[in-house]
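Have a look at coords08.cif; it's mmCIF, C-alpha atoms and all ligand atoms:
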data_protein
#
loop_
_atom_site.group_PDB
_atom_site.id
_atom_site.type_symbol
_atom_site.label_atom_id
_atom_site.label_comp_id
_atom_site.auth_asym_id
_atom_site.auth_seq_id
_atom_site.Cartn_x
_atom_site.Cartn_y
_atom_site.Cartn_z
ATOM 1 C CA GLU A 1182 -4.837 20.995 53.029
ATOM 2 C CA GLU A 1183 -4.939 23.350 50.080
ATOM 3 C CA LYS A 1184 -5.238 21.884 46.604
ATOM 4 C CA PRO A 1185 -2.276 22.429 44.281
ATOM 5 C CA LYS A 1186 -2.843 25.040 41.600
ATOM 6 C CA ILE A 1187 -2.406 24.190 37.955
ATOM 7 C CA LEU A 1188 -2.439 26.437 34.956
ATOM 8 C CA ILE A 1189 -4.042 24.845 31.916
ATOM 9 C CA ALA A 1190 -3.017 26.587 28.731
ATOM 10 C CA SER A 1191 -5.546 25.108 26.372
ATOM 11 C CA THR A 1192 -8.997 25.272 24.877
ATOM 12 C CA VAL A 1193 -8.825 21.665 23.818
ATOM 13 C CA VAL A 1194 -8.921 19.655 27.013
ATOM 14 C CA PRO A 1195 -12.090 17.520 27.167
ATOM 15 C CA GLU A 1196 -14.557 18.175 29.993
ATOM 16 C CA SER A 1197 -14.032 14.701 31.502
ATOM 17 C CA VAL A 1198 -10.317 15.382 31.899
ATOM 18 C CA LEU A 1199 -10.974 18.814 33.424
ATOM 19 C CA GLU A 1200 -13.339 17.121 35.919
ATOM 20 C CA LEU A 1201 -10.652 14.618 36.870
ATOM 21 C CA LEU A 1202 -8.163 17.409 37.482
ATOM 22 C CA LYS A 1203 -10.697 19.549 39.333
ATOM 23 C CA SER A 1204 -11.253 16.836 41.911
ATOM 24 C CA LYS A 1205 -7.623 17.133 43.010
ATOM 25 C CA CYS A 1206 -6.432 20.597 41.937
ATOM 26 C CA ALA A 1207 -7.460 24.215 41.647
ATOM 27 C CA LEU A 1208 -7.554 24.982 37.914
ATOM 28 C CA ILE A 1209 -6.559 28.208 36.248
ATOM 29 C CA LEU A 1210 -7.884 27.880 32.722
ATOM 30 C CA ILE A 1211 -6.299 30.004 30.018
ATOM 31 C CA LYS A 1212 -8.396 30.295 26.897
ATOM 32 C CA LYS A 1213 -6.379 32.885 25.007
ATOM 33 C CA GLU A 1214 -3.122 31.831 23.366
ATOM 34 C CA SER A 1215 -1.513 35.111 24.381
ATOM 35 C CA LYS A 1216 1.740 35.022 26.277
ATOM 36 C CA ASN A 1217 0.923 38.160 28.240
ATOM 37 C CA HIS A 1218 -2.312 36.644 29.396
ATOM 38 C CA ILE A 1219 -0.469 33.500 30.482
ATOM 39 C CA LEU A 1220 2.153 35.587 32.284
ATOM 40 C CA SER A 1221 -0.573 37.392 34.189
ATOM 41 C CA LYS A 1222 -2.032 34.102 35.485
ATOM 42 C CA VAL A 1223 0.917 31.787 36.023
ATOM 43 C CA GLN A 1224 2.426 33.152 39.201
ATOM 44 C CA GLY A 1225 2.388 30.714 42.108
ATOM 45 C CA VAL A 1226 1.178 27.610 40.243
ATOM 46 C CA HIS A 1227 2.439 24.135 41.147
ATOM 47 C CA GLY A 1228 1.804 22.594 37.768
ATOM 48 C CA ILE A 1229 1.537 23.678 34.139
ATOM 49 C CA PHE A 1230 -0.618 21.655 31.713
ATOM 50 C CA TRP A 1231 0.535 22.839 28.299
ATOM 51 C CA ALA A 1232 -1.629 22.197 25.262
ATOM 52 C CA THR A 1233 -0.829 25.131 23.045
ATOM 53 C CA LYS A 1234 1.814 25.849 20.427
ATOM 54 C CA THR A 1235 2.859 28.991 22.258
ATOM 55 C CA HIS A 1236 6.432 28.645 23.491
ATOM 56 C CA LEU A 1237 6.732 27.733 27.129
ATOM 57 C CA ASP A 1238 9.806 29.841 27.714
ATOM 58 C CA LYS A 1239 12.056 30.894 30.565
ATOM 59 C CA GLU A 1240 10.007 34.002 31.300
ATOM 60 C CA ILE A 1241 6.858 31.968 31.899
ATOM 61 C CA ILE A 1242 8.729 29.384 33.986
ATOM 62 C CA ASP A 1243 10.463 32.107 36.005
ATOM 63 C CA THR A 1244 7.190 33.957 36.517
ATOM 64 C CA ALA A 1245 5.526 30.804 37.840
ATOM 65 C CA GLY A 1246 8.039 30.896 40.661
ATOM 66 C CA PRO A 1247 9.295 28.330 43.168
ATOM 67 C CA ASN A 1248 6.003 26.459 43.637
ATOM 68 C CA LEU A 1249 6.305 24.982 40.160
ATOM 69 C CA THR A 1250 7.298 21.302 40.299
ATOM 70 C CA THR A 1251 5.587 19.714 37.302
ATOM 71 C CA VAL A 1252 5.144 20.606 33.635
ATOM 72 C CA CYS A 1253 3.220 18.324 31.291
ATOM 73 C CA THR A 1254 2.771 18.967 27.591
ATOM 74 C CA MET A 1255 -0.143 17.466 25.690
ATOM 75 C CA SER A 1256 2.042 16.619 22.705
ATOM 76 C CA ALA A 1257 4.716 14.176 21.680
ATOM 77 C CA GLY A 1258 6.999 16.917 20.403
ATOM 78 C CA TYR A 1259 8.468 19.349 22.897
ATOM 79 C CA ASP A 1260 10.530 21.671 20.736
ATOM 80 C CA HIS A 1261 8.264 24.503 21.986
ATOM 81 C CA ILE A 1262 9.239 23.944 25.615
ATOM 82 C CA ASP A 1263 12.349 25.371 27.250
ATOM 83 C CA THR A 1264 13.499 22.058 28.693
ATOM 84 C CA LYS A 1265 16.893 23.510 29.545
ATOM 85 C CA THR A 1266 15.326 25.837 32.085
ATOM 86 C CA LEU A 1267 13.114 23.037 33.423
ATOM 87 C CA LYS A 1268 16.161 20.844 33.924
ATOM 88 C CA LEU A 1269 18.130 23.614 35.581
ATOM 89 C CA LYS A 1270 15.326 24.188 38.053
ATOM 90 C CA GLY A 1271 14.720 20.477 38.654
ATOM 91 C CA ILE A 1272 11.155 20.689 37.393
ATOM 92 C CA LYS A 1273 9.605 17.373 36.365
ATOM 93 C CA PHE A 1274 8.513 17.135 32.751
ATOM 94 C CA ALA A 1275 6.353 14.725 30.736
ATOM 95 C CA ASN A 1276 5.004 14.510 27.174
ATOM 96 C CA THR A 1277 2.517 12.159 25.473
ATOM 97 C CA PRO A 1278 4.420 9.641 23.364
ATOM 98 C CA GLY A 1279 2.819 6.420 22.159
ATOM 99 C CA VAL A 1280 -0.876 7.239 22.258
ATOM 100 C CA LEU A 1281 -0.690 9.226 19.030
ATOM 101 C CA ASN A 1282 1.534 6.888 17.022
ATOM 102 C CA ALA A 1283 -1.312 5.220 15.146
ATOM 103 C CA ALA A 1284 -3.137 8.423 14.212
ATOM 104 C CA VAL A 1285 0.040 10.176 13.063
ATOM 105 C CA ALA A 1286 1.236 7.136 11.098
ATOM 106 C CA ASP A 1287 -2.176 6.934 9.413
ATOM 107 C CA THR A 1288 -1.730 10.553 8.350
ATOM 108 C CA ALA A 1289 1.704 9.734 6.949
ATOM 109 C CA VAL A 1290 0.245 6.931 4.821
ATOM 110 C CA LEU A 1291 -2.576 9.217 3.704
ATOM 111 C CA LEU A 1292 -0.068 11.836 2.552
ATOM 112 C CA ALA A 1293 2.226 9.298 0.886
ATOM 113 C CA LEU A 1294 -0.598 7.834 -1.176
ATOM 114 C CA ALA A 1295 -2.086 11.232 -1.988
ATOM 115 C CA ALA A 1296 1.246 12.732 -3.057
ATOM 116 C CA SER A 1297 2.473 9.717 -5.002
ATOM 117 C CA ARG A 1298 -0.826 9.412 -6.900
ATOM 118 C CA ARG A 1299 -1.097 13.142 -7.565
ATOM 119 C CA LEU A 1300 -4.371 13.564 -5.713
ATOM 120 C CA HIS A 1301 -4.255 17.333 -5.410
ATOM 121 C CA GLU A 1302 -3.256 17.990 -9.000
ATOM 122 C CA GLY A 1303 -6.000 15.745 -10.355
ATOM 123 C CA ARG A 1304 -8.646 17.334 -8.199
ATOM 124 C CA VAL A 1305 -7.620 20.875 -9.183
ATOM 125 C CA ASP A 1306 -7.626 19.876 -12.856
ATOM 126 C CA MET A 1307 -11.126 18.462 -12.550
ATOM 127 C CA GLU A 1308 -12.360 21.655 -10.964
ATOM 128 C CA SER A 1309 -10.953 23.726 -13.772
ATOM 129 C CA GLY A 1310 -12.494 21.473 -16.415
ATOM 130 C CA ASN A 1311 -9.174 19.971 -17.405
ATOM 131 C CA TRP A 1312 -9.815 16.232 -17.171
ATOM 132 C CA LYS A 1313 -7.352 15.550 -20.023
ATOM 133 C CA ASN A 1314 -7.258 12.485 -22.169
ATOM 134 C CA GLY A 1315 -6.310 9.181 -20.694
ATOM 135 C CA LEU A 1316 -4.213 8.241 -17.747
ATOM 136 C CA GLN A 1317 -0.884 8.783 -19.379
ATOM 137 C CA THR A 1318 -0.457 12.328 -18.081
ATOM 138 C CA ARG A 1319 -1.358 11.326 -14.530
ATOM 139 C CA LEU A 1320 1.107 8.561 -13.825
ATOM 140 C CA GLY A 1321 2.219 8.254 -10.234
ATOM 141 C CA ILE A 1322 4.742 6.337 -8.170
ATOM 142 C CA ASP A 1323 4.153 2.847 -6.747
ATOM 143 C CA ILE A 1324 4.633 1.988 -3.116
ATOM 144 C CA SER A 1325 4.775 -1.700 -3.970
ATOM 145 C CA GLY A 1326 8.327 -2.650 -4.775
ATOM 146 C CA SER A 1327 9.640 0.664 -3.455
ATOM 147 C CA ILE A 1328 12.392 1.442 -0.992
ATOM 148 C CA VAL A 1329 10.986 3.357 1.950
ATOM 149 C CA GLY A 1330 13.295 5.553 4.014
ATOM 150 C CA ILE A 1331 12.216 6.619 7.479
ATOM 151 C CA ILE A 1332 14.125 9.431 9.148
ATOM 152 C CA GLY A 1333 13.684 8.782 12.872
ATOM 153 C CA PHE A 1334 12.563 5.258 13.732
ATOM 154 C CA GLY A 1335 10.813 5.877 17.040
ATOM 155 C CA GLY A 1336 7.246 4.907 17.803
ATOM 156 C CA ILE A 1337 5.782 6.912 14.922
ATOM 157 C CA GLY A 1338 8.414 5.847 12.379
ATOM 158 C CA GLN A 1339 7.880 2.212 13.302
ATOM 159 C CA ALA A 1340 4.096 2.590 13.078
ATOM 160 C CA ILE A 1341 4.546 3.987 9.550
ATOM 161 C CA ALA A 1342 6.668 0.974 8.562
ATOM 162 C CA LYS A 1343 4.142 -1.477 10.032
ATOM 163 C CA ARG A 1344 1.362 0.128 8.038
ATOM 164 C CA LEU A 1345 3.340 0.159 4.803
ATOM 165 C CA ALA A 1346 4.717 -3.390 5.020
ATOM 166 C CA PRO A 1347 1.463 -4.878 3.625
ATOM 167 C CA PHE A 1348 1.803 -2.525 0.632
ATOM 168 C CA GLU A 1349 4.690 -4.812 -0.457
ATOM 169 C CA VAL A 1350 7.562 -2.445 0.138
ATOM 170 C CA SER A 1351 10.820 -4.031 -1.009
ATOM 171 C CA GLN A 1352 13.056 -2.583 1.733
ATOM 172 C CA PHE A 1353 12.843 -0.282 4.725
ATOM 173 C CA LEU A 1354 15.780 1.970 5.566
ATOM 174 C CA TYR A 1355 15.950 4.168 8.630
ATOM 175 C CA THR A 1356 18.251 6.678 10.238
ATOM 176 C CA GLY A 1357 18.932 7.207 13.909
ATOM 177 C CA HIS A 1358 21.614 7.098 16.550
ATOM 178 C CA SER A 1359 21.487 3.356 17.071
ATOM 179 C CA GLU A 1360 19.924 0.180 15.788
ATOM 180 C CA LYS A 1361 16.370 -0.364 17.009
ATOM 181 C CA PRO A 1362 15.466 -3.893 18.106
ATOM 182 C CA GLU A 1363 12.009 -3.411 16.562
ATOM 183 C CA ALA A 1364 13.645 -3.015 13.143
ATOM 184 C CA LYS A 1365 14.398 -6.724 12.904
ATOM 185 C CA SER A 1366 10.878 -7.987 12.301
ATOM 186 C CA LEU A 1367 10.441 -5.378 9.550
ATOM 187 C CA LYS A 1368 13.858 -6.192 8.083
ATOM 188 C CA ALA A 1369 14.571 -2.463 8.305
ATOM 189 C CA LYS A 1370 18.178 -1.445 7.861
ATOM 190 C CA LEU A 1371 19.964 1.345 9.738
ATOM 191 C CA VAL A 1372 21.783 3.624 7.288
ATOM 192 C CA ASP A 1373 23.146 7.158 7.283
ATOM 193 C CA LEU A 1374 21.036 10.008 5.944
ATOM 194 C CA GLU A 1375 22.980 10.209 2.697
ATOM 195 C CA THR A 1376 22.425 6.543 1.885
ATOM 196 C CA LEU A 1377 18.753 6.806 2.760
ATOM 197 C CA ASN A 1378 18.461 9.835 0.513
ATOM 198 C CA LYS A 1379 20.191 8.184 -2.435
ATOM 199 C CA GLU A 1380 18.202 4.965 -2.248
ATOM 200 C CA ALA A 1381 14.719 5.792 -1.025
ATOM 201 C CA ASP A 1382 11.663 6.155 -3.256
ATOM 202 C CA PHE A 1383 9.607 7.380 -0.322
ATOM 203 C CA ILE A 1384 11.131 9.477 2.441
ATOM 204 C CA PHE A 1385 9.264 9.934 5.710
ATOM 205 C CA ILE A 1386 10.338 12.498 8.295
ATOM 206 C CA SER A 1387 9.360 11.265 11.758
ATOM 207 C CA CYS A 1388 12.117 12.560 14.019
ATOM 208 C CA PRO A 1389 11.958 15.259 16.682
ATOM 209 C CA LEU A 1390 12.915 18.842 15.891
ATOM 210 C CA ASN A 1391 16.097 19.805 17.715
ATOM 211 C CA ASN A 1392 19.437 21.471 16.999
ATOM 212 C CA GLU A 1393 20.622 18.392 15.180
ATOM 213 C CA THR A 1394 17.606 18.049 12.864
ATOM 214 C CA LYS A 1395 16.695 21.692 12.224
ATOM 215 C CA GLY A 1396 17.176 22.469 8.534
ATOM 216 C CA MET A 1397 18.569 18.979 7.913
ATOM 217 C CA ILE A 1398 16.497 18.514 4.763
ATOM 218 C CA ASN A 1399 17.889 21.260 2.583
ATOM 219 C CA LYS A 1400 19.364 22.175 -0.793
ATOM 220 C CA ASP A 1401 22.246 19.715 -0.417
ATOM 221 C CA PHE A 1402 19.823 16.961 0.469
ATOM 222 C CA PHE A 1403 17.594 17.651 -2.532
ATOM 223 C CA GLY A 1404 20.669 17.630 -4.746
ATOM 224 C CA LYS A 1405 21.017 13.897 -4.091
ATOM 225 C CA THR A 1406 17.393 12.787 -3.911
ATOM 226 C CA LYS A 1407 15.901 10.559 -6.587
ATOM 227 C CA LYS A 1408 13.872 12.646 -9.031
ATOM 228 C CA THR A 1409 11.025 10.208 -8.493
ATOM 229 C CA ALA A 1410 11.135 10.452 -4.705
ATOM 230 C CA VAL A 1411 8.090 11.348 -2.607
ATOM 231 C CA LEU A 1412 8.748 13.225 0.632
ATOM 232 C CA VAL A 1413 6.348 13.068 3.574
ATOM 233 C CA ASN A 1414 6.727 15.214 6.688
ATOM 234 C CA ILE A 1415 4.551 14.557 9.721
ATOM 235 C CA ALA A 1416 7.139 15.783 12.253
ATOM 236 C CA ARG A 1417 7.967 19.502 12.293
ATOM 237 C CA GLY A 1418 8.163 22.002 9.452
ATOM 238 C CA GLU A 1419 11.517 23.415 10.556
ATOM 239 C CA ILE A 1420 13.327 20.132 9.883
ATOM 240 C CA VAL A 1421 12.954 21.077 6.217
ATOM 241 C CA VAL A 1422 14.327 24.280 4.682
ATOM 242 C CA GLN A 1423 11.045 25.116 3.043
ATOM 243 C CA LYS A 1424 12.364 27.417 0.343
ATOM 244 C CA ASP A 1425 14.748 24.650 -0.742
ATOM 245 C CA LEU A 1426 11.880 22.170 -0.818
ATOM 246 C CA ILE A 1427 9.790 24.539 -2.948
ATOM 247 C CA LYS A 1428 12.653 24.893 -5.427
ATOM 248 C CA ALA A 1429 13.179 21.134 -5.532
ATOM 249 C CA LEU A 1430 9.485 20.573 -6.221
ATOM 250 C CA LYS A 1431 9.396 23.199 -8.954
ATOM 251 C CA ARG A 1432 12.544 21.975 -10.648
ATOM 252 C CA GLY A 1433 11.587 18.327 -10.523
ATOM 253 C CA LYS A 1434 14.395 17.395 -8.125
ATOM 254 C CA ILE A 1435 11.795 15.345 -6.314
ATOM 255 C CA PHE A 1436 8.448 14.047 -7.534
ATOM 256 C CA ALA A 1437 6.053 15.252 -4.852
ATOM 257 C CA ALA A 1438 5.618 16.082 -1.194
ATOM 258 C CA GLY A 1439 2.926 15.404 1.377
ATOM 259 C CA LEU A 1440 3.154 17.738 4.341
ATOM 260 C CA ASP A 1441 1.207 17.829 7.571
ATOM 261 C CA VAL A 1442 3.673 20.326 8.997
ATOM 262 C CA MET A 1443 5.213 23.429 7.474
ATOM 263 C CA THR A 1444 6.704 26.804 8.257
ATOM 264 C CA PRO A 1445 5.110 28.812 9.644
ATOM 265 C CA GLU A 1446 1.903 27.383 11.024
ATOM 266 C CA PRO A 1447 -0.705 28.502 10.237
ATOM 267 C CA LEU A 1448 0.608 28.615 6.670
ATOM 268 C CA PRO A 1449 -0.122 32.010 5.080
ATOM 269 C CA SER A 1450 -2.874 31.587 2.503
ATOM 270 C CA ASP A 1451 -0.660 33.098 -0.204
ATOM 271 C CA SER A 1452 2.180 30.613 0.414
ATOM 272 C CA GLU A 1453 3.758 29.191 -2.695
ATOM 273 C CA LEU A 1454 3.333 25.703 -1.244
ATOM 274 C CA LEU A 1455 -0.392 26.046 -1.834
ATOM 275 C CA LYS A 1456 0.153 26.776 -5.510
ATOM 276 C CA LEU A 1457 2.321 23.797 -6.401
ATOM 277 C CA PRO A 1458 0.483 20.934 -8.104
ATOM 278 C CA ASN A 1459 2.795 18.286 -6.641
ATOM 279 C CA VAL A 1460 2.207 19.121 -2.981
ATOM 280 C CA VAL A 1461 -0.493 17.683 -0.752
ATOM 281 C CA LEU A 1462 -1.077 19.609 2.450
ATOM 282 C CA THR A 1463 -2.937 18.951 5.671
ATOM 283 C CA PRO A 1464 -3.083 21.543 8.470
ATOM 284 C CA HIS A 1465 -1.104 19.725 11.219
ATOM 285 C CA ILE A 1466 -3.834 17.190 11.917
ATOM 286 C CA GLY A 1467 -1.616 14.154 12.508
ATOM 287 C CA SER A 1468 -2.950 13.436 15.974
ATOM 288 C CA ALA A 1469 -6.383 14.946 15.375
ATOM 289 C CA THR A 1470 -8.806 12.122 15.934
ATOM 290 C CA LYS A 1471 -11.331 12.224 18.731
ATOM 291 C CA LYS A 1472 -9.949 9.145 20.456
ATOM 292 C CA THR A 1473 -6.305 10.134 20.151
ATOM 293 C CA ARG A 1474 -6.794 13.670 21.441
ATOM 294 C CA GLU A 1475 -8.772 12.316 24.404
ATOM 295 C CA GLN A 1476 -6.033 9.818 25.184
ATOM 296 C CA MET A 1477 -3.400 12.542 24.969
ATOM 297 C CA ALA A 1478 -5.381 14.749 27.379
ATOM 298 C CA GLU A 1479 -5.894 11.842 29.796
ATOM 299 C CA LEU A 1480 -2.229 10.881 29.745
ATOM 300 C CA THR A 1481 -1.234 14.498 30.360
ATOM 301 C CA ALA A 1482 -3.633 14.710 33.316
ATOM 302 C CA HIS A 1483 -2.367 11.474 34.873
ATOM 303 C CA ASN A 1484 1.229 12.606 34.460
ATOM 304 C CA MET A 1485 0.286 15.884 36.136
ATOM 305 C CA LEU A 1486 -1.447 14.265 39.110
ATOM 306 C CA ARG A 1487 1.417 11.837 39.634
ATOM 307 C CA GLY A 1488 4.023 14.553 39.294
ATOM 308 C CA LEU A 1489 2.264 16.793 41.807
ATOM 309 C CA GLY A 1490 1.753 13.841 44.145
ATOM 310 C CA GLY A 1491 5.429 12.934 44.081
ATOM 311 C CA GLU A 1492 4.820 9.656 42.235
ATOM 312 C CA ASN A 1493 6.544 8.490 39.070
ATOM 313 C CA MET A 1494 4.927 9.967 36.000
ATOM 314 C CA ILE A 1495 3.764 7.538 33.281
ATOM 315 C CA THR A 1496 5.751 9.062 30.416
ATOM 316 C CA PRO A 1497 8.405 11.317 31.927
ATOM 317 C CA VAL A 1498 11.054 12.898 29.738
ATOM 318 C CA ASN A 1499 14.481 12.401 31.230
ATOM 319 C CA LEU A 1500 16.016 15.816 30.822
HETATM 320 O O1 LIG B 1 3.775 16.787 18.874
HETATM 321 C C1 LIG B 1 2.599 16.468 18.784
HETATM 322 O O2 LIG B 1 2.041 15.758 19.616
HETATM 323 C C2 LIG B 1 1.768 16.919 17.623
HETATM 324 O O3 LIG B 1 2.484 17.727 16.756
HETATM 325 C C3 LIG B 1 0.525 17.610 18.090
HETATM 326 O O4 LIG B 1 0.826 18.694 18.872
#

Same coordinates, now as structure tokens:
Amino acid sequence: EEKPKILIASTVVPESVLELLKSKCALILIKKESKNHILSKVQGVHGIFWATKTHLDKEIIDTAGPNLTTVCTMSAGYDHIDTKTLKLKGIKFANTPGVLNAAVADTAVLLALAASRRLHEGRVDMESGNWKNGLQTRLGIDISGSIVGIIGFGGIGQAIAKRLAPFEVSQFLYTGHSEKPEAKSLKAKLVDLETLNKEADFIFISCPLNNETKGMINKDFFGKTKKTAVLVNIARGEIVVQKDLIKALKRGKIFAAGLDVMTPEPLPSDSELLKLPNVVLTPHIGSATKKTREQMAELTAHNMLRGLGGENMITPVNL
């Protein structure tokens, strides 16, 4: 019996995971992130292992042809995948939720502390010989006693709250479509976005990017934010209207921002975001620890093998 063929669009899959896949499948490894290159290799595959930010669009899915039964993305987010076409064609689809919650939530805490305590500004001042006198010009915002708002209270949002609870937060607020049972032990309260915005001292964005959330954090939003608020985004850049955020930061409509995600990525090196003292940036490294990336690759591979074998995948997305 011939082995199923899978296209692996990635340069980041560990050797051990490639070995596991090789034992059961014929691998077509794509090392260039170019769509044309992918199009030239994808025809006839049974599975697609997607670990690139390139959009997996209708053209690629169509070009793969009727053999294709299983698509697995090595990411929690799947805004870069044309799930509508997958659904239409009855192609099975899985992502990697859960295994990255801790690493991403750690990054959120890192950014919240760094932004609220003006890490970037202080460092830049030191480099330019501007230590200044005393602490009075460097005052930050406390997490202890603060109200923390979490937009999107899924696995990552909850992991952020769990990490921050020992910092003596006074109240957690969250937004979402329904009350989460996990919220109870954290005494987190479901509110609408406007209430969260009005009340929160720290605002974390940890929801998926989709039609509902795209551009949701915009000029109107910043018009109602506390001037002392700290915004952290570890989700997707496009949830925020970046030019509105830049204005809000410049005009003191909010205190600071910590961003792991932005628009576009990579961020152009002349972006205004890089020039603002009250912004802390990391280059989309939320899940980037050795252990987490390995676990994501392993989960993707197991989903793939199960999908191809006609078994239930571990973390399927119900389209
Ligand atoms: O969605 C995810 O898993 C992260 O953004 C890394 O790709």

inquiry  = List as a PyMOL selection string the protein and nucleic acid residues near Ser1197 (chain A), meaning an atom at most 12 Å away when all atoms listed in the file are counted, but skip any in the same chain fewer than 4 places from it.
reply    = chain A and resi 1193+1201-1204+1475-1476+1478-1479+1482

Residues within 10 Å of Arg1319 (chain A), all atoms listed in the file, excluding chain neighbours under 6 positions, as JSON, numbers by chain = {"A": [1298, 1299, 1300, 1302, 1303, 1313]}

key: Closest of A:Asp1451, A:Glu1200, A:Asp1382, A:Glu1446 to ligand LIG 1 (chain B) - atom-to-atom distances counting only C-alpha atoms and all ligand atoms   = A:Glu1446

ask   = Taking into account all atoms listed in the file, which residue in the set A:His1261, A:Lys1365, A:His1301, A:Lys1456 is nearest to ligand LIG 1 (chain B)?
value = A:His1261

request  = Quick one: pull the distance between CA of Thr1496 (chain A) and atom O3 of ligand LIG 1 (chain B), Å, one decimal.
outcome  =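 Those two atoms sit 16.5 Å apart.
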
key: Interatomic distance, atom C2 of ligand LIG 1 (chain B) to CA of Gly1335 (chain A) (Å, one decimal)   =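 Computing it gives 14.3 Å between the two atoms.
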
Taking all atoms listed in the file into account, which residues have an atom no farther than 7 Å from ligand LIG 1 (chain B)? I'd like them as a PDB file with C-alpha atoms, keeping the file's coordinate frame.
ATOM      1  CA  MET A1255      -0.143  17.466  25.690  1.00  0.00           C
ATOM      2  CA  SER A1256       2.042  16.619  22.705  1.00  0.00           C
ATOM      3  CA  ALA A1257       4.716  14.176  21.680  1.00  0.00           C
ATOM      4  CA  GLY A1258       6.999  16.917  20.403  1.00  0.00           C
ATOM      5  CA  TYR A1259       8.468  19.349  22.897  1.00  0.00           C
ATOM      6  CA  THR A1277       2.517  12.159  25.473  1.00  0.00           C
ATOM      7  CA  ALA A1416       7.139  15.783  12.253  1.00  0.00           C
ATOM      8  CA  HIS A1465      -1.104  19.725  11.219  1.00  0.00           C
ATOM      9  CA  GLY A1467      -1.616  14.154  12.508  1.00  0.00           C
ATOM     10  CA  SER A1468      -2.950  13.436  15.974  1.00  0.00           C
TER      11      SER A1468
END

key: Computed interatomic separation between CA of Gly1404 (chain A) and CA of Ala1342 (chain A) (Å)   = 25.5 Å

For the file shown, report as an mmCIF file with C-alpha atoms, in the coordinates of the input the outcome of the PyMOL selection byres (((chain A and resi 1216-1221) around 9) and not hetatm) at residue level.
data_model
loop_
_atom_site.group_PDB
_atom_site.id
_atom_site.type_symbol
_atom_site.label_atom_id
_atom_site.label_comp_id
_atom_site.auth_asym_id
_atom_site.auth_seq_id
_atom_site.Cartn_x
_atom_site.Cartn_y
_atom_site.Cartn_z
ATOM 1 C CA LEU A 1188 -2.439 26.437 34.956
ATOM 2 C CA ALA A 1190 -3.017 26.587 28.731
ATOM 3 C CA ILE A 1211 -6.299 30.004 30.018
ATOM 4 C CA LYS A 1213 -6.379 32.885 25.007
ATOM 5 C CA GLU A 1214 -3.122 31.831 23.366
ATOM 6 C CA SER A 1215 -1.513 35.111 24.381
ATOM 7 C CA LYS A 1222 -2.032 34.102 35.485
ATOM 8 C CA VAL A 1223 0.917 31.787 36.023
ATOM 9 C CA GLN A 1224 2.426 33.152 39.201
ATOM 10 C CA THR A 1235 2.859 28.991 22.258
ATOM 11 C CA HIS A 1236 6.432 28.645 23.491
ATOM 12 C CA LEU A 1237 6.732 27.733 27.129
ATOM 13 C CA GLU A 1240 10.007 34.002 31.300
ATOM 14 C CA ILE A 1241 6.858 31.968 31.899
ATOM 15 C CA THR A 1244 7.190 33.957 36.517
ATOM 16 C CA ALA A 1245 5.526 30.804 37.840
#

request  = Would you kindly return, as a list in words, each protein, DNA or RNA residue with an atom no farther than 9 Å from any atom of Thr1463 (chain A), considering all atoms listed in the file and excluding same-chain residues fewer than 2 positions away?
outcome  =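 The contact residues come out as Thr1288, Leu1292, Gly1439, Leu1440, Asp1441, Val1442, Val1461, His1465, Ile1466 and Gly1467 of chain A.
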
ask   = Between A:Thr1251, A:Val1280, A:Gly1336, A:Glu1375, which is the closest to Lys1361 (chain A) once you count all atoms listed in the file?
value =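 Selected residue with least distance to Lys1361 (chain A): A:Gly1336.
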
request  = Please identify all polymer residues within 12 Å of Ile1332 (chain A), counting all atoms listed in the file, omitting same-chain residues fewer than 2 positions from it, and present them as a ChimeraX atom specification.
outcome  = /A:1329-1330,1334-1339,1341-1342,1353-1358,1369-1378,1381,1383-1390,1394,1397-1398,1412-1416,1420

ask   = So which one's closest to Arg1487 (chain A), A:Lys1270, A:Lys1424, A:Arg1417, A:Lys1205? Using only C-alpha atoms, please.
value =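 Of the candidates, the smallest distance to Arg1487 (chain A) is held by A:Lys1205.
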
request  = Please identify all polymer residues within 10 Å of Pro1445 (chain A), counting all atoms listed in the file, omitting same-chain residues fewer than 3 positions from it, and present them as a list of chain:residue names.
outcome  =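 Once the nearby chain positions are removed, what remains is A:Gly1418, A:Glu1419, A:Gln1423, A:Val1442, A:Leu1448, A:Pro1449, A:Ser1452.
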
Let me have the centre and edge lengths in Å, one decimal, of the box along x, y and z around every listed atom of region 1281-1294 of chain A with 4 Å of margin on each side, as AutoDock Vina command-line options.
--center_x -0.5 --center_y 8.5 --center_z 8.9 --size_x 13.4 --size_y 14.6 --size_z 28.2
